[in-house]
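**Q** Structure file data14.txt, compact mmCIF, C-alpha atoms, is pasted below:
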```txt
# COMPACT_ATOMS: atom_id res chain seq x y z
CA MET A 1 12.50 3.94 20.53
CA ASN A 2 15.31 4.78 18.16
CA ALA A 3 18.24 4.71 20.57
CA GLY A 4 21.03 2.52 19.31
CA ARG A 5 20.43 0.23 16.36
CA VAL A 6 17.00 0.54 14.75
CA ASP A 7 15.51 -2.62 13.29
CA VAL A 8 12.56 -1.09 11.47
CA SER A 9 11.58 2.43 10.46
CA ILE A 10 7.79 2.74 10.37
CA ILE A 11 6.63 5.43 7.97
CA ILE A 12 3.12 6.81 8.35
CA VAL A 13 1.77 9.47 5.98
CA ASN A 14 -1.04 11.66 7.28
CA TYR A 15 -3.45 13.62 5.14
CA LYS A 16 -6.42 14.83 7.17
CA THR A 17 -6.83 11.57 9.08
CA ARG A 18 -5.87 12.95 12.50
CA GLN A 19 -7.67 10.54 14.83
CA LEU A 20 -7.01 7.51 12.65
CA THR A 21 -3.32 8.38 12.59
CA LEU A 22 -3.20 8.77 16.37
CA ASP A 23 -4.87 5.37 16.73
CA ALA A 24 -2.37 3.82 14.31
CA ILE A 25 0.59 5.23 16.24
CA GLU A 26 -0.86 4.04 19.54
CA SER A 27 -1.33 0.53 18.13
CA VAL A 28 2.36 0.44 17.19
CA TYR A 29 3.38 1.46 20.70
CA ARG A 30 1.22 -1.33 22.12
CA SER A 31 3.15 -3.89 20.05
CA ASP A 32 4.72 -6.78 21.93
CA THR A 33 8.18 -6.97 20.37
CA ALA A 34 11.84 -6.96 21.30
CA TYR A 35 12.76 -5.35 17.98
CA ARG A 36 13.78 -1.71 18.03
CA TYR A 37 11.71 0.63 15.92
CA GLU A 38 11.24 4.26 15.09
CA ILE A 39 8.12 5.99 13.80
CA ILE A 40 8.45 8.63 11.10
CA LEU A 41 5.31 10.69 10.58
CA VAL A 42 5.02 12.69 7.36
CA ASP A 43 2.17 15.20 7.21
CA ASN A 44 0.96 16.41 3.81
CA ALA A 45 -0.22 19.89 4.88
CA SER A 46 -3.30 18.52 6.64
CA GLY A 47 -3.82 21.55 8.86
CA ASP A 48 -5.47 19.34 11.47
CA GLY A 49 -3.10 19.98 14.38
CA LEU A 50 -1.81 16.42 14.34
CA LEU A 51 1.90 17.23 14.40
CA ASP A 52 1.55 19.41 17.49
CA GLU A 53 -0.40 16.73 19.32
CA VAL A 54 2.09 14.03 18.35
CA ALA A 55 4.96 16.24 19.51
CA GLU A 56 3.28 16.51 22.89
CA ARG A 57 2.17 12.89 23.29
CA TYR A 58 4.98 11.09 21.44
CA PRO A 59 8.01 13.41 21.34
CA GLU A 60 10.26 10.60 20.07
CA VAL A 61 8.31 10.35 16.79
CA VAL A 62 10.25 11.86 13.89
CA ARG A 63 8.00 14.47 12.27
CA VAL A 64 8.18 15.78 8.71
CA ALA A 65 5.87 18.66 7.78
CA ASN A 66 5.08 19.45 4.16
CA ASP A 67 3.72 22.81 3.02
CA GLU A 68 1.52 21.11 0.43
CA ASN A 69 0.08 17.71 -0.35
CA VAL A 70 2.99 16.15 -2.21
CA GLY A 71 1.28 12.78 -2.62
CA TYR A 72 1.72 9.38 -1.01
CA ALA A 73 4.82 8.27 -2.94
CA ARG A 74 6.86 11.40 -2.37
CA ALA A 75 5.87 11.63 1.29
CA ASN A 76 7.00 8.05 1.91
CA ASN A 77 10.27 8.77 0.13
CA GLN A 78 10.79 11.71 2.49
CA GLY A 79 10.27 9.31 5.37
CA MET A 80 12.78 6.88 3.90
CA GLU A 81 15.39 9.62 3.65
CA ALA A 82 15.16 10.03 7.43
CA ALA A 83 14.92 6.29 8.18
CA GLN A 84 17.61 4.48 10.16
CA GLY A 85 16.16 0.96 10.21
CA ARG A 86 17.34 -2.29 8.67
CA TYR A 87 13.80 -2.54 7.32
CA ILE A 88 11.30 0.00 6.05
CA LEU A 89 7.62 -0.48 6.94
CA LEU A 90 5.03 1.48 5.00
CA LEU A 91 2.00 1.68 7.26
CA ASN A 92 -1.23 3.41 6.34
CA SER A 93 -2.61 5.97 8.74
CA ASP A 94 -5.97 4.16 8.82
CA THR A 95 -4.65 0.85 10.19
CA ILE A 96 -4.46 -0.86 13.57
CA VAL A 97 -1.50 -3.17 14.18
CA ASN A 98 -2.08 -6.27 16.30
CA LEU A 99 0.14 -6.89 19.32
CA ASP A 100 2.31 -9.55 17.65
CA THR A 101 2.26 -8.33 14.05
CA MET A 102 5.59 -6.52 13.98
CA ASP A 103 7.46 -9.18 15.93
CA VAL A 104 6.28 -12.05 13.69
CA MET A 105 6.84 -10.17 10.43
CA LEU A 106 10.33 -8.97 11.36
CA ARG A 107 11.32 -12.45 12.49
CA PHE A 108 10.04 -13.82 9.17
CA MET A 109 12.21 -11.35 7.26
CA ASP A 110 15.28 -12.10 9.38
CA GLU A 111 14.85 -15.84 8.75
CA ASN A 112 14.25 -15.51 4.99
CA THR A 113 17.02 -13.36 3.55
CA GLU A 114 15.90 -13.94 -0.04
CA VAL A 115 12.66 -12.05 0.64
CA GLY A 116 12.83 -8.39 -0.33
CA ALA A 117 9.36 -7.42 0.84
CA SER A 118 6.55 -9.02 2.78
CA GLY A 119 3.07 -8.26 3.97
CA CYS A 120 0.70 -9.69 6.53
CA LYS A 121 -2.99 -10.53 6.33
CA ILE A 122 -5.10 -7.37 6.21
CA VAL A 123 -8.73 -7.43 7.28
CA LEU A 124 -11.46 -4.83 7.11
CA PRO A 125 -13.32 -3.71 10.26
CA ASP A 126 -16.06 -6.29 9.60
CA GLY A 127 -13.50 -9.10 9.45
CA ARG A 128 -13.51 -9.57 5.68
CA LEU A 129 -10.21 -9.89 3.87
CA ASP A 130 -8.84 -6.77 2.22
CA LYS A 131 -8.15 -8.48 -1.09
CA ALA A 132 -5.49 -5.95 -2.03
CA CYS A 133 -3.07 -7.51 0.49
CA LYS A 134 -2.15 -10.33 -1.93
CA ARG A 135 -2.17 -9.58 -5.62
CA GLY A 136 -0.73 -10.52 -8.96
CA PHE A 137 0.52 -7.92 -11.39
CA PRO A 138 -2.16 -6.20 -13.49
CA THR A 139 -1.26 -7.68 -16.87
CA PRO A 140 -3.75 -6.87 -19.65
CA SER A 141 -5.41 -10.29 -19.32
CA ALA A 142 -5.53 -10.23 -15.50
CA SER A 143 -6.97 -6.71 -15.58
CA PHE A 144 -9.57 -7.70 -18.18
CA TYR A 145 -10.80 -10.70 -16.21
CA TYR A 146 -10.96 -8.63 -13.04
CA ALA A 147 -12.66 -5.59 -14.57
CA PHE A 148 -15.34 -7.61 -16.34
CA GLY A 149 -16.20 -9.86 -13.39
CA PHE A 150 -14.72 -13.16 -14.54
CA SER A 151 -12.79 -13.45 -11.29
CA ARG A 152 -16.06 -13.28 -9.35
CA LEU A 153 -17.78 -15.78 -11.64
CA PHE A 154 -14.91 -18.28 -11.42
CA PRO A 155 -13.29 -17.62 -8.01
CA ASN A 156 -11.35 -20.90 -7.96
CA LYS A 157 -9.89 -20.69 -11.47
CA PRO A 158 -6.30 -19.36 -11.53
CA ARG A 159 -6.71 -18.19 -15.13
CA PHE A 160 -9.40 -15.68 -14.16
CA ASN A 161 -7.89 -14.63 -10.83
CA GLY A 162 -4.50 -13.36 -11.88
CA TYR A 163 -4.95 -9.98 -10.19
CA GLN A 164 -6.56 -10.53 -6.77
CA LEU A 165 -5.43 -14.18 -6.54
CA GLY A 166 -8.77 -15.23 -5.10
CA HIS A 167 -7.96 -18.88 -5.78
CA LEU A 168 -5.12 -18.83 -3.23
CA ASP A 169 -5.77 -19.72 0.40
CA PRO A 170 -5.68 -16.42 2.36
CA ASP A 171 -4.39 -18.25 5.45
CA VAL A 172 -1.31 -19.82 3.83
CA SER A 173 2.09 -18.14 3.68
CA GLN A 174 3.22 -18.01 0.05
CA PRO A 175 5.15 -16.00 -2.56
CA ILE A 176 3.08 -13.55 -4.60
CA ASP A 177 3.65 -10.69 -7.02
CA CYS A 178 2.66 -7.62 -5.05
CA LEU A 179 1.54 -6.27 -1.71
CA VAL A 180 -0.40 -3.19 -0.70
CA GLY A 181 1.13 -0.04 0.75
CA ALA A 182 -1.16 -0.25 3.78
CA PHE A 183 1.41 -2.65 5.28
CA MET A 184 4.56 -3.31 3.32
CA LEU A 185 7.76 -4.42 5.04
CA VAL A 186 10.81 -3.94 2.81
CA ARG A 187 14.43 -4.92 3.32
CA ARG A 188 16.81 -1.96 3.22
CA GLU A 189 19.11 -3.74 0.74
CA ALA A 190 16.17 -4.02 -1.66
CA VAL A 191 15.38 -0.33 -1.29
CA GLU A 192 19.01 0.60 -1.92
CA GLN A 193 19.04 -1.59 -5.02
CA VAL A 194 15.80 -0.45 -6.70
CA GLY A 195 15.30 3.00 -5.17
CA GLY A 196 12.24 4.42 -3.46
CA LEU A 197 8.70 4.81 -4.68
CA ASP A 198 8.15 6.28 -8.14
CA GLU A 199 6.85 9.79 -7.48
CA THR A 200 5.13 9.87 -10.87
CA PHE A 201 2.38 7.98 -9.04
CA PHE A 202 0.59 10.44 -6.78
CA MET A 203 -1.49 8.21 -4.52
CA TYR A 204 -2.20 4.87 -6.23
CA GLY A 205 -0.12 2.28 -8.06
CA GLU A 206 3.18 3.16 -6.42
CA ASP A 207 3.08 0.00 -4.30
CA ILE A 208 2.50 -2.25 -7.31
CA ASP A 209 5.27 -0.50 -9.23
CA TRP A 210 7.65 -0.89 -6.28
CA CYS A 211 6.89 -4.59 -5.99
CA TYR A 212 7.42 -5.02 -9.73
CA ARG A 213 10.87 -3.43 -9.50
CA ILE A 214 11.77 -5.41 -6.37
CA LYS A 215 10.88 -8.71 -8.06
CA GLU A 216 12.62 -7.65 -11.26
CA ALA A 217 15.78 -7.14 -9.19
CA GLY A 218 15.63 -10.79 -8.09
CA TRP A 219 14.00 -10.50 -4.66
CA GLU A 220 11.06 -12.60 -3.52
CA ILE A 221 7.83 -11.05 -2.25
CA TRP A 222 5.81 -12.96 0.33
CA TYR A 223 2.34 -12.83 1.78
CA HIS A 224 2.66 -14.04 5.39
CA PRO A 225 -0.81 -14.26 7.01
CA LEU A 226 0.24 -15.66 10.38
CA VAL A 227 -0.53 -12.21 11.78
CA GLN A 228 -2.78 -9.39 10.66
CA ILE A 229 -3.75 -5.75 10.87
CA THR A 230 -7.10 -4.00 10.54
CA HIS A 231 -7.54 -1.55 7.68
CA TYR A 232 -10.24 1.11 7.96
CA LYS A 233 -10.33 1.34 4.19
CA GLY A 234 -12.42 4.21 2.84
CA ALA A 235 -13.37 5.26 6.34
CA SER A 236 -13.40 8.96 5.54
CA SER A 237 -16.17 8.99 2.97
CA ARG A 238 -18.03 6.90 0.44
CA ARG A 239 -18.03 9.81 -1.99
CA LYS A 240 -14.81 10.10 -3.92
CA PRO A 241 -13.59 13.51 -5.09
CA PHE A 242 -12.55 13.83 -8.72
CA LYS A 243 -8.86 13.87 -7.74
CA ILE A 244 -9.07 10.43 -6.11
CA VAL A 245 -10.99 8.85 -9.00
CA TYR A 246 -8.67 10.44 -11.56
CA GLU A 247 -5.45 9.39 -9.80
CA PHE A 248 -6.69 5.81 -9.39
CA HIS A 249 -7.18 5.43 -13.13
CA ARG A 250 -4.11 7.48 -14.01
CA ALA A 251 -2.05 4.98 -12.01
CA MET A 252 -3.35 2.15 -14.20
CA TYR A 253 -2.24 4.02 -17.30
CA LEU A 254 1.18 4.88 -15.85
CA PHE A 255 1.89 1.30 -14.75
CA HIS A 256 0.96 -0.22 -18.10
CA ARG A 257 2.94 2.39 -20.04
CA LYS A 258 5.99 1.90 -17.83
CA HIS A 259 6.11 -1.90 -17.60
CA TYR A 260 3.95 -3.47 -20.30
CA ALA A 261 3.53 -1.18 -23.31
CA ALA A 262 6.81 -2.28 -24.90
CA LYS A 263 5.89 -5.95 -24.46
CA TYR A 264 2.48 -5.84 -26.17
CA SER A 265 1.19 -4.93 -29.61
CA PRO A 266 -0.14 -1.45 -30.43
CA PHE A 267 -3.63 -2.96 -30.66
CA THR A 268 -3.41 -4.41 -27.15
CA ASN A 269 -2.07 -1.15 -25.76
CA LEU A 270 -4.85 0.81 -27.44
CA ALA A 271 -7.42 -1.58 -25.98
CA VAL A 272 -5.92 -1.18 -22.51
CA TYR A 273 -5.89 2.62 -22.66
CA ALA A 274 -9.43 2.68 -24.05
CA GLY A 275 -10.57 0.40 -21.27
CA ILE A 276 -9.00 2.63 -18.64
CA GLY A 277 -10.67 5.67 -20.19
CA LEU A 278 -14.05 3.94 -20.27
CA LYS A 279 -13.67 2.81 -16.68
CA LEU A 280 -12.75 6.35 -15.62
CA GLY A 281 -15.80 7.78 -17.39
CA LEU A 282 -18.12 5.27 -15.73
CA ALA A 283 -16.59 5.91 -12.31
CA LEU A 284 -17.03 9.67 -12.67
CA ALA A 285 -20.62 9.20 -13.82
CA ARG A 286 -21.42 6.96 -10.82
CA ASN A 287 -19.81 9.45 -8.50
CA GLN A 288 -21.87 12.30 -9.93
CA LEU A 289 -25.09 10.30 -9.55
CA LYS A 290 -24.24 9.65 -5.90
CA ARG A 291 -23.66 13.35 -5.35
CA MET A 292 -26.96 14.23 -7.00
CA GLY A 293 -28.76 11.59 -4.97
CA GLY A 294 -27.31 12.91 -1.72
CA SER A 295 -28.01 16.56 -2.42
```
Mind turning this structure into structure tokens?
**A**
Amino acid sequence: MNAGRVDVSIIIVNYKTRQLTLDAIESVYRSDTAYRYEIILVDNASGDGLLDEVAERYPEVVRVANDENVGYARANNQGMEAAQGRYILLLNSDTIVNLDTMDVMLRFMDENTEVGASGCKIVLPDGRLDKACKRGFPTPSASFYYAFGFSRLFPNKPRFNGYQLGHLDPDVSQPIDCLVGAFMLVRREAVEQVGGLDETFFMYGEDIDWCYRIKEAGWEIWYHPLVQITHYKGASSRRKPFKIVYEFHRAMYLFHRKHYAAKYSPFTNLAVYAGIGLKLGLALARNQLKRMGGS
């Protein structure tokens, strides 16, 4: 659907999620919208036959095939290089878009030109909110309160909920700090101003970093829960390979070093890095125990 002017370029990155990706693409095609869109599928050397099937079923989908897994950030940047739309939509391969989601979100962006990026409400398959869809930036204090459970103990206190913003009504449209890459609608002018995703981040943290740079450039970021998508988060497996656990914690380190280290004292930075290291060690230990228990 990319004949003539394209309103939104939808970028989907696949890495061994063949059926989920097919379902995500189909949900986009079921959308009830007058906006023109294109789908750009980037495959990170999955070897699952997805590209051939998409070529047969959806020949209009733009396909990018990588010879290796280049990571989420770089793959999305490859999609952006091919994109023709006025907007860029990052859409996870394990999501289902509701019929009216695209139409409502694009109309919201057209009507609010000061907004550089927006996201909708994201729910898990059981109907619970995916809390990552509306977040604050992970400052040292916000990260501390989140990591040590203060946000769960005091869910209605803004001071202790700076990261997941649990004190904010999830059904109210409002400005926030950052969205999640599972559904992130970005204005082309904002992309041209701040650049694409930082490829130093392999598969986590790139969305938070992007939002930080977009806000730093003067754009607003909005959570707009009038529509939603379903996110099959962690659907592939409960056991996390070392690479996933490592990259998750590495992203924390990279973000703090890039955006906060110069603003805080050496003592605070040391405490942050030590906390990340401790958290990584505990996560690896839990993962190993799960493996031993399942063997």
**Q** Need to verify the contact set: Asp209 in chain A, 9 Å, all atoms listed in the file, exclusion of same-chain residues closer than 3 positions in sequence. Can you return it as a PyMOL selection string?
**A** chain A and resi 178+197-198+201+205-206+212-214+255+258-259
**Q** Write the residues you've just listed into a file as a compact mmCIF listing (two decimals), keeping the file's coordinate frame, and include C-alpha atoms for each of them.
**A**
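Final output, again-v5.txt:
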```txt
# COMPACT_ATOMS: atom_id res chain seq x y z
CA CYS A 178 2.66 -7.62 -5.05
CA LEU A 197 8.70 4.81 -4.68
CA ASP A 198 8.15 6.28 -8.14
CA PHE A 201 2.38 7.98 -9.04
CA GLY A 205 -0.12 2.28 -8.06
CA GLU A 206 3.18 3.16 -6.42
CA TYR A 212 7.42 -5.02 -9.73
CA ARG A 213 10.87 -3.43 -9.50
CA ILE A 214 11.77 -5.41 -6.37
CA PHE A 255 1.89 1.30 -14.75
CA LYS A 258 5.99 1.90 -17.83
CA HIS A 259 6.11 -1.90 -17.60
```
**Q** Name the closest residue to Ile208 in chain A among the candidates A:Lys134, A:Lys16, A:His167, A:Lys243; distances are taken between atoms, counting only C-alpha atoms.
**A**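 Of the candidates, the smallest distance to Ile208 in chain A is held by A:Lys134.
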**Q** Using only C-alpha atoms, which residues sit within 8 Å of Thr230 in chain A once same-chain residues fewer than 6 positions away are excluded, as a PyMOL selection string?
**A** chain A and resi 95-98+122-125
**Q** Provide the CA of Phe248 in chain A to CA of Leu284 in chain A distance in Å, to one decimal place.
**A**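 Calculated distance between CA of Phe248 in chain A and CA of Leu284 in chain A is 11.5 Å.
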**Q** Which distance in Å separates CA of Tyr35 in chain A and CA of Cys120 in chain A, to one decimal?
**A** 17.2 Å
**Q** Counting all atoms listed in the file, find residues at most 6 Å from (7.9, 11.2, 12.8) (file frame) and give them as number ranges by chain.
**A** A: 39-41, 61-63
**Q** I need the residues from that last selection saved to file as a tab-separated table (two decimals), in the coordinates of the input (with C-alpha atoms), if you can.
**A**
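Dumped everything to out.tsv:
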```tsv
chain	number	residue	atom	x	y	z
A	39	ILE	CA	8.12	5.99	13.80
A	40	ILE	CA	8.45	8.63	11.10
A	41	LEU	CA	5.31	10.69	10.58
A	61	VAL	CA	8.31	10.35	16.79
A	62	VAL	CA	10.25	11.86	13.89
A	63	ARG	CA	8.00	14.47	12.27
```
**Q** Just checking: using only C-alpha atoms, which residue out of A:Arg187, A:Arg128, A:Arg74, A:Arg107 ends up closest to Ile229 in chain A?
**A** A:Arg128
**Q** A:Pro158, A:Gly127, A:Gly79, A:Gly166: which is nearest Ser9 in chain A, counting only C-alpha atoms?
**A** A:Gly79
**Q** What does the structure give for the distance between CA of Phe267 in chain A and CA of Gly136 in chain A, in Å to one decimal?
**A**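 Computing the Euclidean distance for CA of Phe267 in chain A and CA of Gly136 in chain A yields 23.2 Å.
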**Q** Between A:Gly71, A:Gly149, A:Pro59, A:Pro170, which has the minimum distance to Glu199 in chain A (counting all atoms listed in the file)?
**A** A:Gly71
**Q** With distances taken over all atoms listed in the file, which residue among A:Leu99, A:Leu51, A:Ala271, A:Ala182 lies nearest Met203 in chain A?
**A** A:Ala182
